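Participant: Dropping the structure in here first, questions after.
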Amino acid sequence: MPYRFPFSPVRRLLLCAAALLCAGVACAQGGYPSQPIKLIVPFPPAGGTDVVSRLMADAVTQATHWNIVIDNRPGAGGNIGIDAVAKARPDGLTIGMAQTSNLAINPALYRKMPFDALKDFAPVMLVGSQPVVLVVRADSPIHTLADLKARAKARPLNMASAGNGTVSHLAGAMFAHEAGVELTHVAYKGAGPAITDLLAGQTDLYFGTPPSVLPMIKAGKLRAVAVTSAQRMPLLPAVPTVAESGYPGYVAEDWKALVAPAGTPADVVQTLNKAFNAALARPATLARLREEGTTPRGGTPAELADLMNSEHQRWGAAVKASGATVE
């Protein structure tokens with residue numbers, strides 16, 4: 001079963017709204033941060049993870065005047081960037097924007113992992129969650145999942161993804177398994193290049209996060225066929241879910257979370273948690289995230305640890321059922 005959040009996002013953010021003052025006190029007492037904070041994003045610029053990372057970094061910087069530097073390190077389904085976080089000095093000056101792919105999916109998908117997803121990180125805060133949107137080119141003959149299945153039965157279709165082990169990849173693999181069709185996986189180093197080749201006709205379909213595909217849907221260049229959440233997206237109310245399109249029980253959501261290297265002092269983790277929770281509670285941040293199809297979450301490091309454990313088990317089972325593997 002998907003992880004159930006103990007508190008609603010609104011209640012959680014209201015509880016954290018006054019936390020920025022506390023974070024400032026902690027910084028003043030401990031001298032943290034003494035240097036710029038590096039936020040490693042394990043995907044290229046312009047993708048969904050990068051967009052959310054820059055939004056959060058800007059919000060925290062405006063409130064605290066910390067210097068947060070974005071460091072994009074794409075590759076291996078997010079493993080390269082998050083491995084750099086795991087191996088960084090545990091002083092709170094290097095953090096990472098992890099997500100479902102590298103902390104929950106990849107440990108089951110890859111035969112060999114460079115890090116232990118449950119032991120090598122100090123959970124900081126869950127930022128948000130969002131469904132995945134199945135898109136095709138606007139001129140594609142595919143309008144429904146029934147259309148997709150029929151065409152895939154006739155010949156294998158090329159499915160772009162944001163990288164091996166991403167939710168983009170596994171959402172498609174799970175669908176192909178349930179539909180009994182073959183989708184030829186074409187992995188890219190992020191959403192940007194995946195969408196570029198989809199628009200150029202090099203691939204047939206793409207399971208993408210809302211921030212990466214909504215602009216192209218609004219511009220009329222991509223067509224949304226289905227969403228992978230349990231309920232329809234408020235931003236795409238006319239687009240059915242995969243579950244209601246003939247695949248009951250199908251759900252695949254992406255979440256993004258801040259992590260630090262294991263061994264990062266607890267007081268530093270709490271300072272980061274309070275500052276990012278307060279930034280997340282700002283009306284401008286909430287509005288921007290919702291505009292991009294993200295449900296803001298927030299919460300404590302302990303709650304994120306519970307989520308990481310739960311999702312590690314759930315996605316591990318999904319990978320096994322799909323039969324997907326990466327050398």
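If you're wondering about the labels, chains in the structure tokens are A, B, ... by order shown, residues count from 1 in each chain, ligands from 1 in order shown.
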Could you go through segment 155-273 of chain A and tell me which residues DSSP, when run on the backbone, assigns to alpha helix (DSSP H), listing them as a ChimeraX atom specification?
Facilitator: /A:167-179,191-199,210-218,266-273
Participant: Using only C-alpha atoms, find each residue of segment 77-190 of chain A with at least one atom at most 7 Å away from an atom of segment 217-225 of chain A; report its shortest atom-to-atom pair and that distance in Å (one decimal), sort the rows by chain and rising residue number, and return the result as a tab-separated table.
Facilitator:
```
residue	atom	partner	partner_atom	distance
A:Val133	CA	A:Ala224	CA	6.6
A:Leu134	CA	A:Val225	CA	5.5
A:Val135	CA	A:Ala224	CA	4.5
A:Val136	CA	A:Arg223	CA	5.4
A:Arg137	CA	A:Leu222	CA	4.5
A:Ala138	CA	A:Leu222	CA	4.6
A:His143	CA	A:Val225	CA	6.0
A:Thr144	CA	A:Val225	CA	5.6
A:Leu145	CA	A:Val225	CA	6.9
```
Participant: As an MDAnalysis selection string, which residues of segment 62-308 of chain A does DSSP assign to strand (DSSP E)?
Facilitator: chainID A and resid 68:72 94:99 121:131 133:137 157:161 183:187 205:208 222:227 253:261 295:296
Participant: Based on the selection just made, write C-alpha atoms of those residues as a PDB file, in the first residue's frame.
Facilitator:
```
ATOM      1  CA  ILE A  68      22.568  27.785  -1.519  1.00  0.00           C
ATOM      2  CA  VAL A  69      24.302  26.660  -4.709  1.00  0.00           C
ATOM      3  CA  ILE A  70      22.598  24.215  -7.075  1.00  0.00           C
ATOM      4  CA  ASP A  71      24.908  21.494  -8.396  1.00  0.00           C
ATOM      5  CA  ASN A  72      23.356  19.385 -11.209  1.00  0.00           C
ATOM      6  CA  THR A  94      26.190  19.251   1.129  1.00  0.00           C
ATOM      7  CA  ILE A  95      22.584  18.113   0.809  1.00  0.00           C
ATOM      8  CA  GLY A  96      20.655  16.486  -2.004  1.00  0.00           C
ATOM      9  CA  MET A  97      17.200  16.438  -3.566  1.00  0.00           C
ATOM     10  CA  ALA A  98      16.472  12.714  -3.602  1.00  0.00           C
ATOM     11  CA  GLN A  99      13.315  11.136  -4.933  1.00  0.00           C
ATOM     12  CA  PHE A 121      21.542   9.279   4.395  1.00  0.00           C
ATOM     13  CA  ALA A 122      20.167  11.482   7.131  1.00  0.00           C
ATOM     14  CA  PRO A 123      16.526  12.274   6.229  1.00  0.00           C
ATOM     15  CA  VAL A 124      15.802  16.019   6.373  1.00  0.00           C
ATOM     16  CA  MET A 125      12.325  16.712   4.965  1.00  0.00           C
ATOM     17  CA  LEU A 126       9.755  15.484   2.469  1.00  0.00           C
ATOM     18  CA  VAL A 127       9.194  18.345   0.026  1.00  0.00           C
ATOM     19  CA  GLY A 128       6.289  17.153  -2.103  1.00  0.00           C
ATOM     20  CA  SER A 129       4.698  14.436  -4.191  1.00  0.00           C
ATOM     21  CA  GLN A 130       3.139  14.296  -7.626  1.00  0.00           C
ATOM     22  CA  PRO A 131       1.745  11.819 -10.141  1.00  0.00           C
ATOM     23  CA  VAL A 133       1.588  12.067 -16.758  1.00  0.00           C
ATOM     24  CA  LEU A 134       1.628   9.840 -19.846  1.00  0.00           C
ATOM     25  CA  VAL A 135       2.088  12.117 -22.857  1.00  0.00           C
ATOM     26  CA  VAL A 136       2.385  11.732 -26.617  1.00  0.00           C
ATOM     27  CA  ARG A 137       2.929  14.271 -29.392  1.00  0.00           C
ATOM     28  CA  LEU A 157       6.498   1.430 -29.318  1.00  0.00           C
ATOM     29  CA  ASN A 158       9.492   3.468 -28.157  1.00  0.00           C
ATOM     30  CA  MET A 159       9.024   4.795 -24.621  1.00  0.00           C
ATOM     31  CA  ALA A 160      11.267   7.656 -23.517  1.00  0.00           C
ATOM     32  CA  SER A 161      12.201   8.055 -19.866  1.00  0.00           C
ATOM     33  CA  LEU A 183       7.447  -0.857 -24.880  1.00  0.00           C
ATOM     34  CA  THR A 184      11.046  -0.370 -25.997  1.00  0.00           C
ATOM     35  CA  HIS A 185      12.689   1.676 -23.255  1.00  0.00           C
ATOM     36  CA  VAL A 186      14.865   4.603 -24.378  1.00  0.00           C
ATOM     37  CA  ALA A 187      16.623   6.174 -21.377  1.00  0.00           C
ATOM     38  CA  LEU A 205       5.448   8.251 -25.590  1.00  0.00           C
ATOM     39  CA  TYR A 206       6.773   9.491 -22.267  1.00  0.00           C
ATOM     40  CA  PHE A 207       5.735   9.148 -18.632  1.00  0.00           C
ATOM     41  CA  GLY A 208       6.785  12.542 -17.226  1.00  0.00           C
ATOM     42  CA  LEU A 222       2.016  17.343 -26.205  1.00  0.00           C
ATOM     43  CA  ARG A 223      -1.225  15.514 -25.417  1.00  0.00           C
ATOM     44  CA  ALA A 224      -1.895  14.041 -21.975  1.00  0.00           C
ATOM     45  CA  VAL A 225      -3.321  10.511 -22.230  1.00  0.00           C
ATOM     46  CA  ALA A 226      -3.527   9.480 -18.564  1.00  0.00           C
ATOM     47  CA  VAL A 227      -2.216  10.290 -15.074  1.00  0.00           C
ATOM     48  CA  GLU A 253       3.666   8.738  -7.710  1.00  0.00           C
ATOM     49  CA  ASP A 254       6.955  10.574  -7.504  1.00  0.00           C
ATOM     50  CA  TRP A 255       8.097  12.232  -4.290  1.00  0.00           C
ATOM     51  CA  LYS A 256      11.040  14.507  -3.644  1.00  0.00           C
ATOM     52  CA  ALA A 257      12.892  14.787  -0.356  1.00  0.00           C
ATOM     53  CA  LEU A 258      15.894  16.561   1.090  1.00  0.00           C
ATOM     54  CA  VAL A 259      18.602  14.309   2.479  1.00  0.00           C
ATOM     55  CA  ALA A 260      22.060  14.844   3.961  1.00  0.00           C
ATOM     56  CA  PRO A 261      24.958  12.410   4.398  1.00  0.00           C
ATOM     57  CA  THR A 295       1.299  18.500  -3.515  1.00  0.00           C
ATOM     58  CA  PRO A 296       3.425  20.260  -0.839  1.00  0.00           C
TER      59      PRO A 296
END
```
Participant: Residues of segment 25-104 of chain A within 9 Å of segment 301-309 of chain A: nearest atom pair and distance (Å, one decimal) for each, counting only C-alpha atoms, sorted by chain and number, as JSON lines?
Facilitator:
```
{"residue": "A:Thr100", "atom": "CA", "partner": "A:Met308", "partner_atom": "CA", "distance": 8.5}
{"residue": "A:Leu103", "atom": "CA", "partner": "A:Met308", "partner_atom": "CA", "distance": 7.1}
{"residue": "A:Ala104", "atom": "CA", "partner": "A:Met308", "partner_atom": "CA", "distance": 7.0}
```
Participant: Give me, as JSON lines, the closest atom pair and its distance (Å, one decimal) for every residue of segment 124-243 of chain A within a cut-off of 12 Å of segment 33-55 of chain A, counting only C-alpha atoms, rows sorted by chain and rising number.
Facilitator:
```
{"residue": "A:Val127", "atom": "CA", "partner": "A:Val52", "partner_atom": "CA", "distance": 8.7}
{"residue": "A:Gly128", "atom": "CA", "partner": "A:Val52", "partner_atom": "CA", "distance": 8.9}
{"residue": "A:Ser129", "atom": "CA", "partner": "A:Val52", "partner_atom": "CA", "distance": 10.7}
{"residue": "A:Gln130", "atom": "CA", "partner": "A:Gly48", "partner_atom": "CA", "distance": 10.2}
{"residue": "A:Pro131", "atom": "CA", "partner": "A:Gly48", "partner_atom": "CA", "distance": 11.6}
{"residue": "A:Val132", "atom": "CA", "partner": "A:Gly48", "partner_atom": "CA", "distance": 10.7}
{"residue": "A:Ser161", "atom": "CA", "partner": "A:Gly47", "partner_atom": "CA", "distance": 11.8}
{"residue": "A:Ala162", "atom": "CA", "partner": "A:Phe43", "partner_atom": "CA", "distance": 8.5}
{"residue": "A:Gly163", "atom": "CA", "partner": "A:Phe43", "partner_atom": "CA", "distance": 9.0}
{"residue": "A:Asn164", "atom": "CA", "partner": "A:Phe43", "partner_atom": "CA", "distance": 11.8}
{"residue": "A:Thr166", "atom": "CA", "partner": "A:Phe43", "partner_atom": "CA", "distance": 10.3}
{"residue": "A:Val167", "atom": "CA", "partner": "A:Gly48", "partner_atom": "CA", "distance": 11.7}
{"residue": "A:Ser168", "atom": "CA", "partner": "A:Gly48", "partner_atom": "CA", "distance": 11.1}
{"residue": "A:Tyr188", "atom": "CA", "partner": "A:Phe43", "partner_atom": "CA", "distance": 10.2}
{"residue": "A:Lys189", "atom": "CA", "partner": "A:Phe43", "partner_atom": "CA", "distance": 6.9}
{"residue": "A:Gly190", "atom": "CA", "partner": "A:Phe43", "partner_atom": "CA", "distance": 5.6}
{"residue": "A:Ala191", "atom": "CA", "partner": "A:Gly47", "partner_atom": "CA", "distance": 5.1}
{"residue": "A:Gly192", "atom": "CA", "partner": "A:Gly47", "partner_atom": "CA", "distance": 5.8}
{"residue": "A:Pro193", "atom": "CA", "partner": "A:Pro44", "partner_atom": "CA", "distance": 9.1}
{"residue": "A:Ala194", "atom": "CA", "partner": "A:Gly47", "partner_atom": "CA", "distance": 9.9}
{"residue": "A:Ile195", "atom": "CA", "partner": "A:Gly47", "partner_atom": "CA", "distance": 9.9}
{"residue": "A:Thr196", "atom": "CA", "partner": "A:Gly47", "partner_atom": "CA", "distance": 11.8}
{"residue": "A:Gly208", "atom": "CA", "partner": "A:Gly48", "partner_atom": "CA", "distance": 8.6}
{"residue": "A:Thr209", "atom": "CA", "partner": "A:Gly48", "partner_atom": "CA", "distance": 6.2}
{"residue": "A:Pro210", "atom": "CA", "partner": "A:Gly48", "partner_atom": "CA", "distance": 7.2}
{"residue": "A:Pro211", "atom": "CA", "partner": "A:Gly48", "partner_atom": "CA", "distance": 5.0}
{"residue": "A:Ser212", "atom": "CA", "partner": "A:Gly48", "partner_atom": "CA", "distance": 5.3}
{"residue": "A:Val213", "atom": "CA", "partner": "A:Gly48", "partner_atom": "CA", "distance": 8.8}
{"residue": "A:Leu214", "atom": "CA", "partner": "A:Gly48", "partner_atom": "CA", "distance": 10.4}
{"residue": "A:Pro215", "atom": "CA", "partner": "A:Ala46", "partner_atom": "CA", "distance": 11.4}
```
Participant: Given only C-alpha atoms as the basis, pick out the residue of A:Arg297, A:Arg232, A:His169, A:Lys149 nearest to Ala278 of chain A.
Facilitator: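 Checking each candidate against Ala278 of chain A, we get A:Arg297 as the closest.
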Participant: Could you tell me which of A:Ala86, A:Met174, A:Ala275, A:Leu286 comes closest to Asn102 of chain A if we count only C-alpha atoms?
Facilitator: A:Ala86
Participant: Which residue gives the smallest distance to Thr64 of chain A among A:Thr271, A:Thr294, A:Ser322, A:Thr228, with only C-alpha atoms counted?
Facilitator: A:Thr271
